[in-house]
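I have placed the structure first, in the form of structure tokens, so that the comments after it can refer back to it.
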Amino acid sequence: MSDRLLQIDQLSVHIGDQPVIENLSLKLKRGETLVLAGESGSGKSLTALSIARLLPAAAQVRAGQITLGDTALFPLTEREMTKVRGARIGYIFQEPQLALNPVMTVGDQIGEVLACHLKLRGKARQQRVIGALAAVGIPDPERRAGEYPHQFSGGMKQRVMIAIALAGEPELLIADEPTTALDVTVQAQVLALLKAEQQRRGMGMLFITHDLGVAWQVADHLAVMQAGRVVENAPRDRFYAAPEHPYSRTLFAALPKLEPQAHTAPVVHDQPLLEVRNLAIHFPIRRGLLKRTVASVKAVNGVSFTLQAGETLAVVGESGSGKTTMGRGILRLLDLTDGQVLHRGDDLRQLSSEALRIRRRELQMIFQDPFAAMNPRMLVNEILQEGMLAQGIGGSAAQRDARVRELLVQVGLKAEHALRYPHEFSGGQRQRLCIARALAVEPRMVVCDEPTSALDVSVQAQILELLEELQQRLGIAYLFITHNLGVVARIAHRVAVMHQGVIVEQGPVNDVLFAPRHPYTQALLAAVPRIEA
């Protein structure tokens with residue numbers, strides 16, 4: 001058997017008359033990992049979709065050939081390709097929220113692969129499902145196999161996607177940004193899992209990422225893509241020692257660095273902008289025919305901190321540690337089990353519905369998934385004006401239209417983008433739209449839930465610079481939820497570390513990141529990918 005697993009020859013893909021991939025050629029051997037790196041829109045994901053023949057209807061292959069082993073993929077019928085996908089090619093999609101079926105349990109979705117490609121049934125299939133979930137770090141896999149995707153955090157949904165991709169024991173694993181939604185400890189576990197599975201099976205891996213730190217951990221070769229072309233292709237060690245192309249060097253320069261930063265401390269007031277006291281959010285576990293409550297999940301369990309005007313407090317911790325739940329609870333998007341949330345001295349739990357609606361003008365949120373956070377049927381102009389209308393901001397329709405155009409320019413977009421729909425923007429542009437929507441009602445505090453996790457490093461740097469500039473100009477306070485400790489070092493004044501619903505350590509960012517006291521914080525920092533070239 002030849003050691004060649006995948007060969008792409010002179011692939012060209014067009015959307016309409018616009019070339020999006022041009023004369024692309026790549027090779028991958030069995031047991032090797034080829035990393036595709038580059039900015040959003042460079043053609044990485046379209047290359048992967050071409051291999052699996054999952055291109056959107058608007059995209060057409062104009063030239064080239066793709067061969068898996070000895071099988072040319074383009075001449076295969078769709079029926080023949082269904083036997084290749086899931087069996088010979090496993091695929092970890094970039095957005096698990098969209099890729100998972102919301103009306104099937106995660107166990108059934110893994111079981112579907114096992115039944116179709118490995119012909120497993122009954123107890124044997126169920127045992128493999130539980131083993132697959134346990135292998136990717138899902139706690140209590142027997143119970144969670146019966147749950148639905150919406151009951152999982154973003155990081156756990158990504159782990160479920162990995163379990164589905166590996167279930168069919170593929171020869172080639174395509175991993176499209178498989179760790180963007182994961183914290184550093186789970187990211188390290190997942191990368192170790194993928195490498196171990198690769199060695200055990202002799203599996204080839206096409207790994208797409210914008211994180212050159214992650215690429216260092218997994219790559220045998222790197223191919224850097226820009227505007228649909230491969231501009232550099234080299235073995236890992238040679239690439240990291242001396243990247244040749246100017247674009248590759250630009251990617252290195254944009255990496256957030258985990259190193260001490262000099263931040264101007266915010267003014268400390270007697271009364272903080274936000275004070276959280278012993279916050280608790282518990283979710284009931286119901287079982288049996290009558291769905292009686294038998295226990296509870298203590299997602300947040302006694303959290304306390306303060307936030308000053310113009311300050312950034314970063315919240316870090318593993319997926320499932322309670323970070324997002326805490327952020328939503330503070331804004332009263334979830335019911336609180338116990339505790340107080342004081343905003344300008346007023347307890348938000350005690351406010352009437354109308355008073356809370358008015359107060360929300362000052363308290364906004366940038367959600368983790370910008371695509372899911374916006375109504376796909378609404379124009380950008382309508383999306384940005386929705387909050388203004390609810391809060392009675394902006395005066396006349398003409399004044400609101402002018403305010404929208406001003407906001408778009410403020411976040412680095414164009415005024416004419418107001419008449420587009422969300423799907424017409426890249427991931428980085430959609431995140432800018434979400435920032436503009438939050439700013440539309442002139443808030444004093446914004447909860448930023450992983451606002452840069454899905455962005456490539458250059459766009460990430462632009463978004464962080466934008467948030468810092470807005471803070472300095474408008475005095476906005478940020479509660480910044482993230483798993484990227486390099487981003488924390490860049491943007492935060494203070495940091496709080498969460499573990500199993502509790503803050504285990506908090507303090508000035510340089511103290512916590514570079515002289516951590518708690519063992520969990522030390523474990524987080526030890527798991528950060530580092531380039532050792």
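Quick note on naming: the chains in the structure tokens go A, B, ... in the order shown, residues restart at 1 in each chain, and ligands are numbered from 1 in order of appearance.
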
Requested in this report: Write out as a PyMOL selection string all residues of range 39-224 of chain A that DSSP puts in strand (DSSP E or B) for this structure's backbone.
Outcome: chain A and resi 59-68+71-72+85+89-92+172-176+204-209+221-224

Just-selected residues, N, CA and C atoms written as a compact mmCIF listing (two decimals), in the first residue's frame:
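Saved to out_23.txt:
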```txt
# COMPACT_ATOMS: atom_id res chain seq x y z
N ALA A 59 -20.75 27.36 -5.04
CA ALA A 59 -19.34 27.12 -5.35
C ALA A 59 -19.22 25.97 -6.35
N GLN A 60 -18.37 26.16 -7.34
CA GLN A 60 -18.19 25.15 -8.39
C GLN A 60 -16.71 24.86 -8.58
N VAL A 61 -16.40 23.56 -8.68
CA VAL A 61 -15.03 23.15 -9.00
C VAL A 61 -14.83 23.34 -10.50
N ARG A 62 -13.88 24.20 -10.86
CA ARG A 62 -13.62 24.50 -12.27
C ARG A 62 -12.49 23.64 -12.84
N ALA A 63 -11.59 23.19 -11.98
CA ALA A 63 -10.45 22.39 -12.46
C ALA A 63 -9.84 21.64 -11.29
N GLY A 64 -9.07 20.60 -11.62
CA GLY A 64 -8.32 19.89 -10.60
C GLY A 64 -8.89 18.54 -10.25
N GLN A 65 -8.16 17.85 -9.41
CA GLN A 65 -8.54 16.50 -8.98
C GLN A 65 -8.11 16.28 -7.54
N ILE A 66 -8.90 15.49 -6.82
CA ILE A 66 -8.57 15.11 -5.44
C ILE A 66 -8.64 13.59 -5.35
N THR A 67 -7.57 13.00 -4.82
CA THR A 67 -7.47 11.55 -4.72
C THR A 67 -7.26 11.15 -3.27
N LEU A 68 -8.10 10.22 -2.78
CA LEU A 68 -7.96 9.66 -1.44
C LEU A 68 -7.49 8.22 -1.58
N THR A 71 -8.44 6.32 -4.74
CA THR A 71 -9.79 6.67 -5.20
C THR A 71 -9.88 8.13 -5.60
N ALA A 72 -10.17 8.39 -6.87
CA ALA A 72 -10.45 9.76 -7.32
C ALA A 72 -11.85 10.13 -6.84
N ARG A 85 -17.77 9.50 3.24
CA ARG A 85 -17.93 10.43 4.35
C ARG A 85 -18.32 9.67 5.61
N ILE A 89 -13.49 9.32 5.54
CA ILE A 89 -13.20 10.72 5.88
C ILE A 89 -14.06 11.12 7.08
N GLY A 90 -13.42 11.47 8.18
CA GLY A 90 -14.11 12.05 9.32
C GLY A 90 -13.97 13.56 9.27
N TYR A 91 -15.01 14.28 9.72
CA TYR A 91 -15.02 15.74 9.54
C TYR A 91 -15.46 16.40 10.85
N ILE A 92 -14.59 17.23 11.40
CA ILE A 92 -14.94 18.05 12.57
C ILE A 92 -15.26 19.44 12.04
N LEU A 172 -8.79 9.46 7.01
CA LEU A 172 -8.44 10.89 6.96
C LEU A 172 -9.38 11.64 7.89
N LEU A 173 -8.82 12.43 8.79
CA LEU A 173 -9.62 13.29 9.65
C LEU A 173 -9.40 14.73 9.22
N ILE A 174 -10.48 15.41 8.85
CA ILE A 174 -10.43 16.84 8.56
C ILE A 174 -10.93 17.58 9.79
N ALA A 175 -10.07 18.37 10.37
CA ALA A 175 -10.41 19.08 11.61
C ALA A 175 -10.40 20.58 11.32
N ASP A 176 -11.59 21.16 11.17
CA ASP A 176 -11.72 22.57 10.80
C ASP A 176 -11.88 23.39 12.08
N GLY A 204 -4.31 9.96 8.71
CA GLY A 204 -3.83 11.27 8.28
C GLY A 204 -4.77 12.35 8.78
N MET A 205 -4.23 13.55 8.99
CA MET A 205 -5.07 14.63 9.52
C MET A 205 -4.79 15.93 8.77
N LEU A 206 -5.87 16.53 8.25
CA LEU A 206 -5.81 17.88 7.70
C LEU A 206 -6.39 18.79 8.77
N PHE A 207 -5.54 19.63 9.35
CA PHE A 207 -5.90 20.41 10.53
C PHE A 207 -5.92 21.89 10.16
N ILE A 208 -7.08 22.50 10.24
CA ILE A 208 -7.23 23.92 9.89
C ILE A 208 -7.25 24.74 11.17
N THR A 209 -6.42 25.76 11.24
CA THR A 209 -6.38 26.61 12.43
C THR A 209 -5.82 27.98 12.08
N HIS A 221 3.69 19.27 8.63
CA HIS A 221 3.90 20.28 7.59
C HIS A 221 2.87 21.40 7.79
N LEU A 222 3.21 22.60 7.35
CA LEU A 222 2.28 23.72 7.34
C LEU A 222 2.15 24.28 5.94
N ALA A 223 0.92 24.57 5.54
CA ALA A 223 0.66 25.29 4.31
C ALA A 223 -0.11 26.55 4.67
N VAL A 224 0.43 27.69 4.31
CA VAL A 224 -0.20 28.97 4.63
C VAL A 224 -0.96 29.45 3.40
```

Query raised in the report: Could you pull the residues within 12 Å of Leu313 in chain A, counting only C-alpha atoms, minus those fewer than 6 positions along the same chain, as a PyMOL selection string?
Result: chain A and resi 265-266+274+305-307+327+445-448+476-482+488-497+506-509

Output N, CA, C and O atoms for every residue in the selection just made, as a compact mmCIF listing (two decimals), in the first residue's frame.
```
# COMPACT_ATOMS: atom_id res chain seq x y z
N ALA A 265 -4.22 51.80 35.25
CA ALA A 265 -5.23 51.34 36.19
C ALA A 265 -6.45 52.26 36.16
O ALA A 265 -6.31 53.49 36.09
N PRO A 266 -7.66 51.70 36.18
CA PRO A 266 -8.86 52.54 36.21
C PRO A 266 -9.00 53.26 37.55
O PRO A 266 -8.43 52.83 38.56
N LEU A 274 -20.22 47.75 39.29
CA LEU A 274 -20.91 46.46 39.47
C LEU A 274 -20.31 45.75 40.68
O LEU A 274 -19.09 45.70 40.84
N PHE A 305 -17.33 39.45 43.25
CA PHE A 305 -16.29 40.32 42.70
C PHE A 305 -16.86 41.71 42.48
O PHE A 305 -18.08 41.92 42.60
N THR A 306 -16.00 42.65 42.17
CA THR A 306 -16.43 44.01 41.82
C THR A 306 -15.84 44.40 40.47
O THR A 306 -14.86 43.81 40.02
N LEU A 307 -16.47 45.39 39.84
CA LEU A 307 -15.99 45.91 38.55
C LEU A 307 -16.15 47.43 38.56
O LEU A 307 -17.25 47.94 38.81
N GLY A 327 -22.11 35.23 33.49
CA GLY A 327 -22.32 36.45 32.73
C GLY A 327 -23.79 36.67 32.39
O GLY A 327 -24.31 37.78 32.52
N MET A 445 -21.54 49.15 30.72
CA MET A 445 -20.84 47.88 30.94
C MET A 445 -21.26 46.88 29.87
O MET A 445 -22.43 46.81 29.49
N VAL A 446 -20.28 46.10 29.38
CA VAL A 446 -20.56 45.08 28.37
C VAL A 446 -19.95 43.76 28.84
O VAL A 446 -18.78 43.70 29.23
N VAL A 447 -20.77 42.70 28.83
CA VAL A 447 -20.27 41.34 29.06
C VAL A 447 -19.84 40.80 27.70
O VAL A 447 -20.67 40.65 26.79
N CYS A 448 -18.56 40.53 27.54
CA CYS A 448 -18.01 40.01 26.29
C CYS A 448 -17.77 38.51 26.44
O CYS A 448 -16.83 38.10 27.14
N ILE A 476 -16.20 52.53 28.96
CA ILE A 476 -16.98 51.30 29.14
C ILE A 476 -16.21 50.31 30.01
O ILE A 476 -15.00 50.17 29.88
N ALA A 477 -16.92 49.61 30.87
CA ALA A 477 -16.34 48.50 31.65
C ALA A 477 -16.66 47.19 30.93
O ALA A 477 -17.74 47.02 30.37
N TYR A 478 -15.69 46.28 30.93
CA TYR A 478 -15.88 44.98 30.28
C TYR A 478 -15.75 43.85 31.30
O TYR A 478 -14.79 43.81 32.09
N LEU A 479 -16.71 42.93 31.28
CA LEU A 479 -16.54 41.63 31.91
C LEU A 479 -16.21 40.69 30.76
O LEU A 479 -17.08 40.34 29.96
N PHE A 480 -14.93 40.32 30.63
CA PHE A 480 -14.42 39.69 29.42
C PHE A 480 -14.20 38.21 29.67
O PHE A 480 -13.25 37.80 30.35
N ILE A 481 -15.10 37.39 29.13
CA ILE A 481 -15.03 35.93 29.30
C ILE A 481 -14.22 35.34 28.16
O ILE A 481 -14.54 35.55 26.98
N THR A 482 -13.17 34.59 28.48
CA THR A 482 -12.32 34.05 27.43
C THR A 482 -11.55 32.83 27.95
O THR A 482 -11.43 32.63 29.17
N VAL A 488 -6.07 37.64 27.53
CA VAL A 488 -6.21 38.19 28.88
C VAL A 488 -5.05 39.12 29.21
O VAL A 488 -5.24 40.23 29.72
N ALA A 489 -3.83 38.68 28.91
CA ALA A 489 -2.66 39.50 29.19
C ALA A 489 -2.72 40.81 28.42
O ALA A 489 -2.27 41.85 28.92
N ARG A 490 -3.29 40.76 27.22
CA ARG A 490 -3.34 41.95 26.37
C ARG A 490 -4.37 42.98 26.86
O ARG A 490 -4.10 44.18 26.89
N ILE A 491 -5.56 42.52 27.27
CA ILE A 491 -6.67 43.47 27.42
C ILE A 491 -7.09 43.72 28.86
O ILE A 491 -7.70 44.74 29.17
N ALA A 492 -6.80 42.80 29.80
CA ALA A 492 -7.41 42.86 31.13
C ALA A 492 -6.60 43.69 32.12
O ALA A 492 -5.37 43.75 32.04
N HIS A 493 -7.31 44.30 33.09
CA HIS A 493 -6.68 44.92 34.25
C HIS A 493 -6.58 43.91 35.39
O HIS A 493 -5.57 43.82 36.06
N ARG A 494 -7.69 43.17 35.59
CA ARG A 494 -7.71 42.12 36.61
C ARG A 494 -8.25 40.85 35.97
O ARG A 494 -8.88 40.89 34.91
N VAL A 495 -8.03 39.73 36.64
CA VAL A 495 -8.49 38.44 36.13
C VAL A 495 -9.05 37.61 37.28
O VAL A 495 -8.52 37.63 38.39
N ALA A 496 -10.15 36.91 36.99
CA ALA A 496 -10.75 35.97 37.94
C ALA A 496 -10.74 34.59 37.30
O ALA A 496 -11.14 34.44 36.13
N VAL A 497 -10.27 33.59 38.03
CA VAL A 497 -10.17 32.22 37.52
C VAL A 497 -11.30 31.39 38.11
O VAL A 497 -11.42 31.28 39.33
N GLN A 506 -8.31 35.47 42.10
CA GLN A 506 -8.50 36.69 41.35
C GLN A 506 -7.54 37.76 41.84
O GLN A 506 -7.08 37.72 42.98
N GLY A 507 -7.21 38.67 40.94
CA GLY A 507 -6.28 39.73 41.28
C GLY A 507 -5.80 40.45 40.04
O GLY A 507 -6.28 40.20 38.92
N PRO A 508 -4.82 41.37 40.18
CA PRO A 508 -4.23 42.04 39.01
C PRO A 508 -3.71 41.03 38.01
O PRO A 508 -3.18 39.97 38.38
N VAL A 509 -3.86 41.34 36.72
CA VAL A 509 -3.58 40.36 35.68
C VAL A 509 -2.14 39.86 35.73
O VAL A 509 -1.88 38.66 35.58
```

Query raised in the report: Skipping near chain neighbours, those fewer than 2 positions away, what residues fall within 12 Å of Arg144 in chain A using only C-alpha atoms, listed as a list in words?
Result: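 The residues that qualify are Thr105, Val106, Gly107, Asp108, Val129, Ile130, Gly131, Ala132, Leu133, Ala134, Gly137, Ile138, Pro139, Asp140, Pro141, Glu142, Gly146, Glu147, Tyr148, Pro149, His150, Gln151, Phe152, Met156, Lys157, Val160 and Ile285 of chain A.
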
Report task. Would you mind telling me which residue in A:Ala526, A:Ala373, A:Ala215, A:Ala390 lies nearest to Arg361 in chain A when using only C-alpha atoms? Result ->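 Among the listed residues, A:Ala390 lies closest to Arg361 in chain A.
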
Requested in this report: With a distance cut-off of 12 Å and only C-alpha atoms, select the neighbouring residues of Leu333 in chain A, excluding the residue or stretch itself and same-chain residues fewer than 4 positions from it, and output the selection as an MDAnalysis selection string.
Outcome: chainID A and resid 281 324:329 348:349 356:357 360 363:365 447

Limited to N, CA and C atoms, could you put the picked residues into a file as a PDB file, in the first residue's frame?
```pdb
ATOM      1  N   ILE A 281     -26.181  30.088  40.811  1.00  0.00           N
ATOM      2  CA  ILE A 281     -27.149  29.678  39.787  1.00  0.00           C
ATOM      3  C   ILE A 281     -27.107  28.156  39.721  1.00  0.00           C
ATOM      4  N   THR A 324     -19.905  31.583  31.297  1.00  0.00           N
ATOM      5  CA  THR A 324     -21.003  32.154  30.522  1.00  0.00           C
ATOM      6  C   THR A 324     -22.282  32.208  31.344  1.00  0.00           C
ATOM      7  N   THR A 325     -22.546  31.164  32.122  1.00  0.00           N
ATOM      8  CA  THR A 325     -23.733  31.156  32.989  1.00  0.00           C
ATOM      9  C   THR A 325     -23.700  32.338  33.943  1.00  0.00           C
ATOM     10  N   MET A 326     -22.532  32.611  34.519  1.00  0.00           N
ATOM     11  CA  MET A 326     -22.391  33.747  35.422  1.00  0.00           C
ATOM     12  C   MET A 326     -22.680  35.059  34.688  1.00  0.00           C
ATOM     13  N   GLY A 327     -22.105  35.232  33.488  1.00  0.00           N
ATOM     14  CA  GLY A 327     -22.321  36.453  32.726  1.00  0.00           C
ATOM     15  C   GLY A 327     -23.787  36.670  32.393  1.00  0.00           C
ATOM     16  N   ARG A 328     -24.477  35.604  31.997  1.00  0.00           N
ATOM     17  CA  ARG A 328     -25.899  35.724  31.667  1.00  0.00           C
ATOM     18  C   ARG A 328     -26.725  35.994  32.922  1.00  0.00           C
ATOM     19  N   GLY A 329     -26.313  35.376  34.031  1.00  0.00           N
ATOM     20  CA  GLY A 329     -27.032  35.605  35.287  1.00  0.00           C
ATOM     21  C   GLY A 329     -26.915  37.038  35.764  1.00  0.00           C
ATOM     22  N   LEU A 348     -30.252  44.294  41.118  1.00  0.00           N
ATOM     23  CA  LEU A 348     -31.019  44.000  39.906  1.00  0.00           C
ATOM     24  C   LEU A 348     -32.131  42.984  40.158  1.00  0.00           C
ATOM     25  N   ARG A 349     -31.980  42.141  41.168  1.00  0.00           N
ATOM     26  CA  ARG A 349     -33.013  41.147  41.469  1.00  0.00           C
ATOM     27  C   ARG A 349     -34.276  41.801  42.014  1.00  0.00           C
ATOM     28  N   LEU A 356     -36.033  46.969  35.097  1.00  0.00           N
ATOM     29  CA  LEU A 356     -34.917  46.172  34.598  1.00  0.00           C
ATOM     30  C   LEU A 356     -34.731  46.399  33.097  1.00  0.00           C
ATOM     31  N   ARG A 357     -35.836  46.517  32.364  1.00  0.00           N
ATOM     32  CA  ARG A 357     -35.738  46.778  30.923  1.00  0.00           C
ATOM     33  C   ARG A 357     -35.014  48.097  30.663  1.00  0.00           C
ATOM     34  N   ARG A 360     -31.283  47.846  31.387  1.00  0.00           N
ATOM     35  CA  ARG A 360     -30.506  47.061  30.413  1.00  0.00           C
ATOM     36  C   ARG A 360     -29.876  47.932  29.336  1.00  0.00           C
ATOM     37  N   LEU A 363     -26.427  47.889  30.386  1.00  0.00           N
ATOM     38  CA  LEU A 363     -25.814  46.569  30.552  1.00  0.00           C
ATOM     39  C   LEU A 363     -26.051  45.752  29.289  1.00  0.00           C
ATOM     40  N   GLN A 364     -25.013  45.533  28.508  1.00  0.00           N
ATOM     41  CA  GLN A 364     -25.150  44.832  27.239  1.00  0.00           C
ATOM     42  C   GLN A 364     -24.244  43.604  27.189  1.00  0.00           C
ATOM     43  N   MET A 365     -24.466  42.768  26.162  1.00  0.00           N
ATOM     44  CA  MET A 365     -23.683  41.532  26.034  1.00  0.00           C
ATOM     45  C   MET A 365     -23.298  41.312  24.578  1.00  0.00           C
ATOM     46  N   VAL A 447     -20.769  42.704  28.832  1.00  0.00           N
ATOM     47  CA  VAL A 447     -20.269  41.343  29.055  1.00  0.00           C
ATOM     48  C   VAL A 447     -19.841  40.797  27.698  1.00  0.00           C
TER      49      VAL A 447
END
```
